[in-house]
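Next comes coords_35.cif, with mmCIF, C-alpha atoms.
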```cif
data_start
#
loop_
_atom_site.group_PDB
_atom_site.id
_atom_site.type_symbol
_atom_site.label_atom_id
_atom_site.label_comp_id
_atom_site.auth_asym_id
_atom_site.auth_seq_id
_atom_site.Cartn_x
_atom_site.Cartn_y
_atom_site.Cartn_z
ATOM 1 C CA MET N 22 155.401 99.380 47.382
ATOM 2 C CA GLU N 23 152.553 101.801 47.864
ATOM 3 C CA ASN N 24 150.100 101.331 50.703
ATOM 4 C CA PRO N 25 146.536 100.748 49.550
ATOM 5 C CA ILE N 26 144.384 103.805 50.061
ATOM 6 C CA LYS N 27 141.362 103.202 52.252
ATOM 7 C CA THR N 28 138.292 105.089 51.276
ATOM 8 C CA PRO N 29 136.089 106.570 54.030
ATOM 9 C CA GLY N 30 133.643 104.021 55.419
ATOM 10 C CA GLN N 31 135.550 101.047 53.983
ATOM 11 C CA SER N 32 136.020 99.325 57.403
ATOM 12 C CA SER N 33 132.403 99.873 58.404
ATOM 13 C CA LEU N 34 131.222 98.399 55.099
ATOM 14 C CA LYS N 35 133.387 95.363 55.694
ATOM 15 C CA SER N 36 131.960 94.884 59.207
ATOM 16 C CA SER N 37 128.459 95.292 57.821
ATOM 17 C CA SER N 38 129.027 92.627 55.200
ATOM 18 C CA LEU N 39 130.367 90.215 57.797
ATOM 19 C CA TRP N 40 127.282 90.776 59.930
ATOM 20 C CA ASP N 41 124.990 90.228 56.950
ATOM 21 C CA TRP N 42 126.853 87.024 56.114
ATOM 22 C CA PHE N 43 126.441 85.802 59.715
ATOM 23 C CA ILE N 44 122.712 86.650 59.826
ATOM 24 C CA ASP N 45 121.928 85.301 56.353
ATOM 25 C CA GLU N 46 123.988 82.119 56.302
ATOM 26 C CA ILE N 47 125.511 81.124 59.648
ATOM 27 C CA TYR N 48 122.706 81.931 62.080
ATOM 28 C CA PRO N 49 119.933 80.048 60.206
ATOM 29 C CA ARG N 50 122.203 77.017 59.889
ATOM 30 C CA TYR N 51 123.304 76.890 63.541
ATOM 31 C CA GLU N 52 120.416 78.659 65.236
ATOM 32 C CA LYS N 53 119.706 75.926 67.791
ATOM 33 C CA GLN N 54 123.367 75.464 68.707
ATOM 34 C CA LEU N 55 123.952 79.206 69.072
ATOM 35 C CA LEU N 56 120.858 79.731 71.216
ATOM 36 C CA GLY N 57 121.739 76.696 73.303
ATOM 37 C CA GLY N 58 125.253 78.009 73.885
ATOM 38 C CA LEU N 59 123.904 81.437 74.831
ATOM 39 C CA VAL N 60 121.466 79.918 77.295
ATOM 40 C CA ALA N 61 124.255 77.812 78.817
ATOM 41 C CA VAL N 62 126.452 80.891 79.309
ATOM 42 C CA VAL N 63 123.597 82.812 80.919
ATOM 43 C CA VAL N 64 122.831 79.885 83.253
ATOM 44 C CA VAL N 65 126.489 79.613 84.307
ATOM 45 C CA VAL N 66 126.821 83.342 84.942
ATOM 46 C CA LEU N 67 123.561 83.518 86.911
ATOM 47 C CA GLY N 68 124.517 80.389 88.830
ATOM 48 C CA TYR N 69 127.857 81.898 89.796
ATOM 49 C CA PHE N 70 126.323 85.131 91.053
ATOM 50 C CA LEU N 71 123.663 83.210 92.980
ATOM 51 C CA TRP N 72 126.283 80.935 94.568
ATOM 52 C CA ASN N 73 128.474 83.916 95.444
ATOM 53 C CA TYR N 74 125.516 85.735 97.031
ATOM 54 C CA ASN N 75 124.492 82.701 99.089
ATOM 55 C CA HIS N 76 128.127 81.984 100.009
ATOM 56 C CA ASN N 77 128.678 85.520 101.310
ATOM 57 C CA LYS N 78 125.385 85.426 103.178
ATOM 58 C CA SER N 79 126.289 82.094 104.764
ATOM 59 C CA GLU N 80 129.772 83.335 105.675
ATOM 60 C CA ILE N 81 128.321 86.370 107.465
ATOM 61 C CA ALA N 82 125.934 84.135 109.436
ATOM 62 C CA ASP N 83 128.774 81.736 110.363
ATOM 63 C CA ASN N 84 130.989 84.581 111.564
ATOM 64 C CA LYS N 85 128.200 85.871 113.810
ATOM 65 C CA LYS N 86 127.840 82.470 115.444
ATOM 66 C CA LEU N 87 131.596 82.109 115.847
ATOM 67 C CA GLY N 88 131.762 85.622 117.263
ATOM 68 C CA ALA N 89 129.257 84.672 119.938
ATOM 69 C CA ALA N 90 131.338 81.610 120.880
ATOM 70 C CA TYR N 91 134.495 83.710 121.006
ATOM 71 C CA VAL N 92 132.809 86.111 123.436
ATOM 72 C CA TYR N 93 132.125 83.145 125.729
ATOM 73 C CA ILE N 94 135.818 82.219 125.577
ATOM 74 C CA GLU N 95 136.945 85.750 126.345
ATOM 75 C CA LYS N 96 134.604 85.891 129.339
ATOM 76 C CA GLY N 97 135.901 82.561 130.612
ATOM 77 C CA GLN N 98 132.555 80.863 130.066
ATOM 78 C CA LEU N 99 134.193 77.761 128.655
ATOM 79 C CA PRO N 100 131.355 75.201 128.983
ATOM 80 C CA GLU N 101 129.057 77.638 127.151
ATOM 81 C CA ALA N 102 131.662 78.156 124.440
ATOM 82 C CA GLU N 103 132.182 74.395 124.113
ATOM 83 C CA LYS N 104 128.440 73.815 123.713
ATOM 84 C CA ALA N 105 128.001 76.620 121.167
ATOM 85 C CA LEU N 106 130.930 75.415 119.050
ATOM 86 C CA THR N 107 129.838 71.770 119.172
ATOM 87 C CA ILE N 108 126.334 72.697 117.982
ATOM 88 C CA PHE N 109 127.787 74.932 115.267
ATOM 89 C CA LEU N 110 130.038 72.162 113.919
ATOM 90 C CA ALA N 111 127.116 69.706 113.903
ATOM 91 C CA GLN N 112 125.303 72.033 111.485
ATOM 92 C CA GLY N 113 127.870 71.346 108.752
ATOM 93 C CA PRO N 114 129.410 74.804 108.195
ATOM 94 C CA SER N 115 131.799 75.635 105.376
ATOM 95 C CA LYS N 116 135.343 74.295 105.512
ATOM 96 C CA LEU N 117 136.791 77.645 106.556
ATOM 97 C CA ALA N 118 134.154 78.168 109.249
ATOM 98 C CA ALA N 119 134.707 74.621 110.531
ATOM 99 C CA ASP N 120 138.458 75.228 110.741
ATOM 100 C CA LYS N 121 137.876 78.375 112.792
ATOM 101 C CA ALA N 122 135.389 76.572 115.031
ATOM 102 C CA ASN N 123 137.736 73.641 115.659
ATOM 103 C CA MET N 124 140.531 76.088 116.434
ATOM 104 C CA PHE N 125 138.325 77.796 119.057
ATOM 105 C CA LEU N 126 137.069 74.447 120.342
ATOM 106 C CA GLY N 127 140.624 73.219 120.805
ATOM 107 C CA LYS N 128 141.408 76.319 122.836
ATOM 108 C CA THR N 129 138.256 75.813 124.902
ATOM 109 C CA TYR N 130 139.125 72.197 125.685
ATOM 110 C CA TYR N 131 142.742 73.093 126.450
ATOM 111 C CA GLU N 132 141.739 75.760 128.956
ATOM 112 C CA GLN N 133 139.583 73.110 130.677
ATOM 113 C CA GLN N 134 142.577 70.739 130.748
ATOM 114 C CA LYS N 135 140.837 68.314 128.395
ATOM 115 C CA TYR N 136 144.024 67.725 126.457
ATOM 116 C CA ASP N 137 142.957 64.673 124.434
ATOM 117 C CA GLN N 138 139.821 66.427 123.217
ATOM 118 C CA ALA N 139 141.760 69.612 122.542
ATOM 119 C CA PHE N 140 144.289 67.696 120.458
ATOM 120 C CA ASP N 141 141.503 66.032 118.445
ATOM 121 C CA ALA N 142 139.851 69.407 117.750
ATOM 122 C CA TYR N 143 143.127 71.002 116.678
ATOM 123 C CA SER N 144 143.866 68.000 114.441
ATOM 124 C CA LYS N 145 140.666 68.618 112.458
ATOM 125 C CA VAL N 146 141.908 72.016 111.242
ATOM 126 C CA SER N 147 142.959 71.680 107.601
ATOM 127 C CA LYS N 148 146.200 73.081 106.233
ATOM 128 C CA GLY N 149 144.331 75.171 103.669
ATOM 129 C CA ASN N 150 146.061 77.693 101.433
ATOM 130 C CA LYS N 151 148.400 80.545 102.259
ATOM 131 C CA ALA N 152 145.502 82.930 102.908
ATOM 132 C CA THR N 153 144.182 80.731 105.738
ATOM 133 C CA ARG N 154 147.538 79.412 106.956
ATOM 134 C CA LEU N 155 147.374 81.352 110.228
ATOM 135 C CA ILE N 156 144.481 79.169 111.433
ATOM 136 C CA TYR N 157 146.460 75.999 110.725
ATOM 137 C CA LEU N 158 149.539 77.428 112.435
ATOM 138 C CA GLY N 159 147.467 78.202 115.511
ATOM 139 C CA ALA N 160 146.225 74.617 115.520
ATOM 140 C CA LEU N 161 149.775 73.264 115.253
ATOM 141 C CA HIS N 162 150.870 75.419 118.164
ATOM 142 C CA GLY N 163 147.891 74.158 120.169
ATOM 143 C CA LYS N 164 148.663 70.529 119.306
ATOM 144 C CA ALA N 165 152.239 70.942 120.517
ATOM 145 C CA ALA N 166 151.014 72.440 123.788
ATOM 146 C CA CYS N 167 148.717 69.432 124.275
ATOM 147 C CA GLN N 168 151.548 67.006 123.566
ATOM 148 C CA MET N 169 153.739 68.778 126.106
ATOM 149 C CA GLN N 170 150.998 68.575 128.728
ATOM 150 C CA LYS N 171 150.808 64.838 128.075
ATOM 151 C CA LYS N 172 154.636 64.655 128.333
ATOM 152 C CA ASP N 173 154.961 63.422 124.745
ATOM 153 C CA TYR N 174 157.937 65.680 124.137
ATOM 154 C CA ALA N 175 159.298 63.887 121.067
ATOM 155 C CA ALA N 176 155.970 64.287 119.268
ATOM 156 C CA ALA N 177 155.778 67.928 120.379
ATOM 157 C CA VAL N 178 159.180 68.610 118.822
ATOM 158 C CA GLN N 179 157.968 67.216 115.490
ATOM 159 C CA THR N 180 154.817 69.333 115.615
ATOM 160 C CA LEU N 181 156.854 72.435 116.427
ATOM 161 C CA ASP N 182 159.251 71.603 113.588
ATOM 162 C CA GLU N 183 156.331 71.705 111.160
ATOM 163 C CA PHE N 184 155.099 74.957 112.704
ATOM 164 C CA LEU N 185 158.512 76.610 112.380
ATOM 165 C CA SER N 186 159.052 75.361 108.823
ATOM 166 C CA LEU N 187 155.836 77.126 107.788
ATOM 167 C CA ALA N 188 155.859 80.180 110.044
ATOM 168 C CA MET N 189 159.467 81.235 110.637
ATOM 169 C CA LEU N 190 160.741 83.506 107.858
ATOM 170 C CA ARG N 191 163.308 85.556 109.773
ATOM 171 C CA THR N 192 166.919 84.366 110.004
ATOM 172 C CA GLY N 193 168.577 87.070 112.075
ATOM 173 C CA ASN N 194 170.129 88.825 109.103
ATOM 174 C CA PRO N 195 170.369 92.573 109.958
ATOM 175 C CA LYS N 196 168.969 93.419 106.516
ATOM 176 C CA GLU N 197 165.652 91.872 107.560
ATOM 177 C CA THR N 198 164.981 94.795 109.901
ATOM 178 C CA LEU N 199 165.651 97.605 107.413
ATOM 179 C CA ALA N 200 162.756 100.018 106.973
ATOM 180 C CA GLY N 201 160.674 99.029 103.989
ATOM 181 C CA LYS N 202 162.348 95.619 103.775
ATOM 182 C CA GLU N 203 161.258 94.092 107.053
ATOM 183 C CA VAL N 204 160.794 90.334 107.095
ATOM 184 C CA VAL N 205 157.690 89.300 109.038
ATOM 185 C CA ASP N 206 157.006 85.762 110.189
ATOM 186 C CA MET N 207 153.768 84.044 109.234
ATOM 187 C CA SER N 208 152.832 83.913 112.927
ATOM 188 C CA PRO N 209 153.753 86.063 115.943
ATOM 189 C CA SER N 210 154.095 82.847 117.976
ATOM 190 C CA VAL N 211 157.426 81.825 116.438
ATOM 191 C CA PRO N 212 159.562 82.874 119.458
ATOM 192 C CA ASN N 213 157.222 80.952 121.764
ATOM 193 C CA ALA N 214 157.478 77.876 119.527
ATOM 194 C CA LEU N 215 161.272 78.014 119.711
ATOM 195 C CA TRP N 216 161.034 78.349 123.487
ATOM 196 C CA LYS N 217 158.728 75.326 123.653
ATOM 197 C CA GLN N 218 161.224 73.340 121.588
ATOM 198 C CA ALA N 219 164.015 74.231 123.997
ATOM 199 C CA LEU N 220 161.858 73.016 126.904
ATOM 200 C CA CYS N 221 161.108 69.758 125.081
ATOM 201 C CA TYR N 222 164.791 69.163 124.355
ATOM 202 C CA ARG N 223 165.560 69.723 128.041
ATOM 203 C CA GLU N 224 162.998 67.089 129.009
ATOM 204 C CA LEU N 225 164.487 64.731 126.425
ATOM 205 C CA GLY N 226 167.972 65.295 127.853
ATOM 206 C CA GLN N 227 169.329 66.786 124.608
ATOM 207 C CA ALA N 228 171.442 69.652 125.941
ATOM 208 C CA ASP N 229 173.030 70.401 122.560
ATOM 209 C CA LYS N 230 169.624 70.983 120.994
ATOM 210 C CA VAL N 231 168.530 73.115 123.924
ATOM 211 C CA LYS N 232 171.566 75.290 123.259
ATOM 212 C CA ALA N 233 170.827 75.481 119.519
ATOM 213 C CA ALA N 234 167.193 76.523 120.092
ATOM 214 C CA VAL N 235 168.160 79.171 122.652
ATOM 215 C CA GLU N 236 170.934 80.547 120.441
ATOM 216 C CA LYS N 237 168.461 80.861 117.578
ATOM 217 C CA LEU N 238 166.104 82.747 119.880
ATOM 218 C CA GLN N 239 168.870 85.108 120.983
ATOM 219 C CA LYS N 240 170.032 85.711 117.415
ATOM 220 C CA VAL N 241 166.684 86.226 115.677
ATOM 221 C CA TYR N 242 164.511 87.540 118.526
ATOM 222 C CA PRO N 243 167.008 89.104 120.995
ATOM 223 C CA ASN N 244 164.411 91.410 122.562
ATOM 224 C CA SER N 245 161.778 88.760 123.155
ATOM 225 C CA ARG N 246 160.830 87.483 126.595
ATOM 226 C CA GLU N 247 161.527 83.968 125.328
ATOM 227 C CA ALA N 248 165.142 84.870 124.553
ATOM 228 C CA GLN N 249 165.613 86.098 128.133
ATOM 229 C CA ASP N 250 163.989 82.964 129.561
ATOM 230 C CA GLY N 251 166.102 80.876 127.208
ATOM 231 C CA ALA N 252 169.291 82.317 128.664
ATOM 232 C CA LYS N 253 168.174 81.180 132.136
ATOM 233 C CA LEU N 254 167.271 77.742 130.786
ATOM 234 C CA LEU N 255 170.659 77.441 129.109
ATOM 235 C CA ALA N 256 172.434 78.203 132.377
ATOM 236 C CA MET N 257 170.503 75.347 134.019
ATOM 237 C CA VAL N 258 171.502 72.681 131.482
ATOM 238 C CA GLU N 259 175.159 73.641 131.076
#
```

What does this structure look like when you write it as structure tokens?
Amino acid sequence: MENPIKTPGQSSLKSSSLWDWFIDEIYPRYEKQLLGGLVAVVVVVLGYFLWNYNHNKSEIADNKKLGAAYVYIEKGQLPEAEKALTIFLAQGPSKLAADKANMFLGKTYYEQQKYDQAFDAYSKVSKGNKATRLIYLGALHGKAACQMQKKDYAAAVQTLDEFLSLAMLRTGNPKETLAGKEVVDMSPSVPNALWKQALCYRELGQADKVKAAVEKLQKVYPNSREAQDGAKLLAMVE
């Protein structure tokens, strides 16, 4: 079967006829609907860009305020940091900014030995998505520290279990340390969390679980300070 031969300009003529048909018949019939749809699209697009601009502007302002509070923490000016963060949270910041502020506030309370208030602040940090998971993990670690200070070791173990289930990706497999294929945990605090678990198990009189936590430390993080401390702890409970 022979292919039809296209004459020069055939496609452009076809496009032109379609355009004429649209202008002559379709547009007059649906003019209001078409214009309304166009206006709606323009409004949505402009609204998005306006929201994005205001969102970015607000985020920059929030980060400046949080930065100022963090400077107070670093300088050890904890009452000043507590006041700045409390005022900031009362202003109704974005969810992400509030999570950061509560994380800092929990740390501020903890350093002042206000463990109940620290726990409450840490508990207000939302789980969020993977991109903001580090903030939630920090809050979990802080909650466990508060529970340990209050000698609620069973609850601390549960909190640390959640932390490790989200943060610990390494298993001790030698392949995980190969160049270009390294496995990195979601948080650098994983060895410390395992160490805290071992301490909790010791307080709960569960020597077998102390041993399991220390052995995991020695297998996965053999060069960590926690693994060395764990060996000493293991000698004490055996």

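When the PyMOL selection byres ((chain N and resi 234) around 9) is evaluated on the file shown here, the picked residues come out as Leu215, Trp216, Gln218, Ala219, Tyr222, Asp229, Lys230, Val231, Lys232, Ala233, Val235, Glu236, Lys237, Leu238, Gln239 and Gly251 of chain N.
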
Expressed in Å to a single decimal, how great is the separation between CA of Ala122 in chain N and CA of Ala160 in chain N?
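Those two atoms sit 11.0 Å apart.
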
In terms of the shortest atom-to-atom distance over all atoms listed in the file, which of N:Gly97, N:Arg223, N:Thr153, N:Asp83 is closest to Ser115 in chain N?
N:Asp83

Among the residues N:Tyr242, N:Val211, N:Gln112, N:Ala175, the one that comes closest to Asn194 in chain N [using all atoms listed in the file]:
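Counting all atoms listed in the file, the residue closest to Asn194 in chain N is N:Tyr242.
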
Quick check on the file I pasted: which residues fall under the PyMOL selection byres ((chain N and resi 140) around 8)? Write them as a list in words.
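Selection result, ordered by chain and number: Gly127, Tyr136, Asp137, Gln138, Ala139, Asp141, Ala142, Tyr143, Ser144, Gly163, Lys164, Cys167 and Gln168 of chain N.
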
Suppose you want the space between CA of Asn244 in chain N and CA of Leu190 in chain N; what is it in Å?
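Taking CA of Asn244 in chain N as the start and CA of Leu190 in chain N as the end point, the length is 17.1 Å.
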
Residues matched by the PyMOL selection byres ((chain N and resi 208-210) around 9) as a ChimeraX atom specification:
/N:155,158-159,162,188-189,205-207,211-215

Within 9 Å of Leu87 in chain N, counting all atoms listed in the file, which residues qualify if same-chain residues fewer than 3 places away don't, as a PyMOL selection string?
chain N and resi 82-84+90-92+105-106+109+118+121-122+125

For a test of reading the model, state the distance in Å between CA of Glu224 in chain N and CA of Lys172 in chain N, rounded to one decimal.
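Going from CA of Glu224 in chain N over to CA of Lys172 in chain N, I get 8.7 Å.
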
Neighbours of Val178 in chain N within 9 Å (all atoms listed in the file; same-chain residues fewer than 3 positions away dropped), as an MDAnalysis selection string?
chainID N and resid 165 173:175 181:183 217:218 221:222

Need the axis-aligned box for range 154-157 of chain N with 6 Å each side, so what are the centre and edges in Å to one decimal, as JSON?
```
{"center_x": 146.0, "center_y": 78.7, "center_z": 109.2, "size_x": 15.1, "size_y": 17.4, "size_z": 16.5}
```

Return the single residue from N:Leu161, N:Ala166, N:Ile94, N:Leu126 that is closest to Phe184 in chain N, with distances computed using all atoms listed in the file.
N:Leu161

Closest of N:Gly149, N:Leu255, N:Glu132, N:Lys85 to Gln170 in chain N, counting only C-alpha atoms, is N:Glu132

So, counting all atoms listed in the file, which residue among N:Lys128, N:Val146, N:Met257, N:Val204 is closest to Glu95 in chain N?
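When distances to Glu95 in chain N are compared using all atoms listed in the file, the smallest one comes from N:Lys128.
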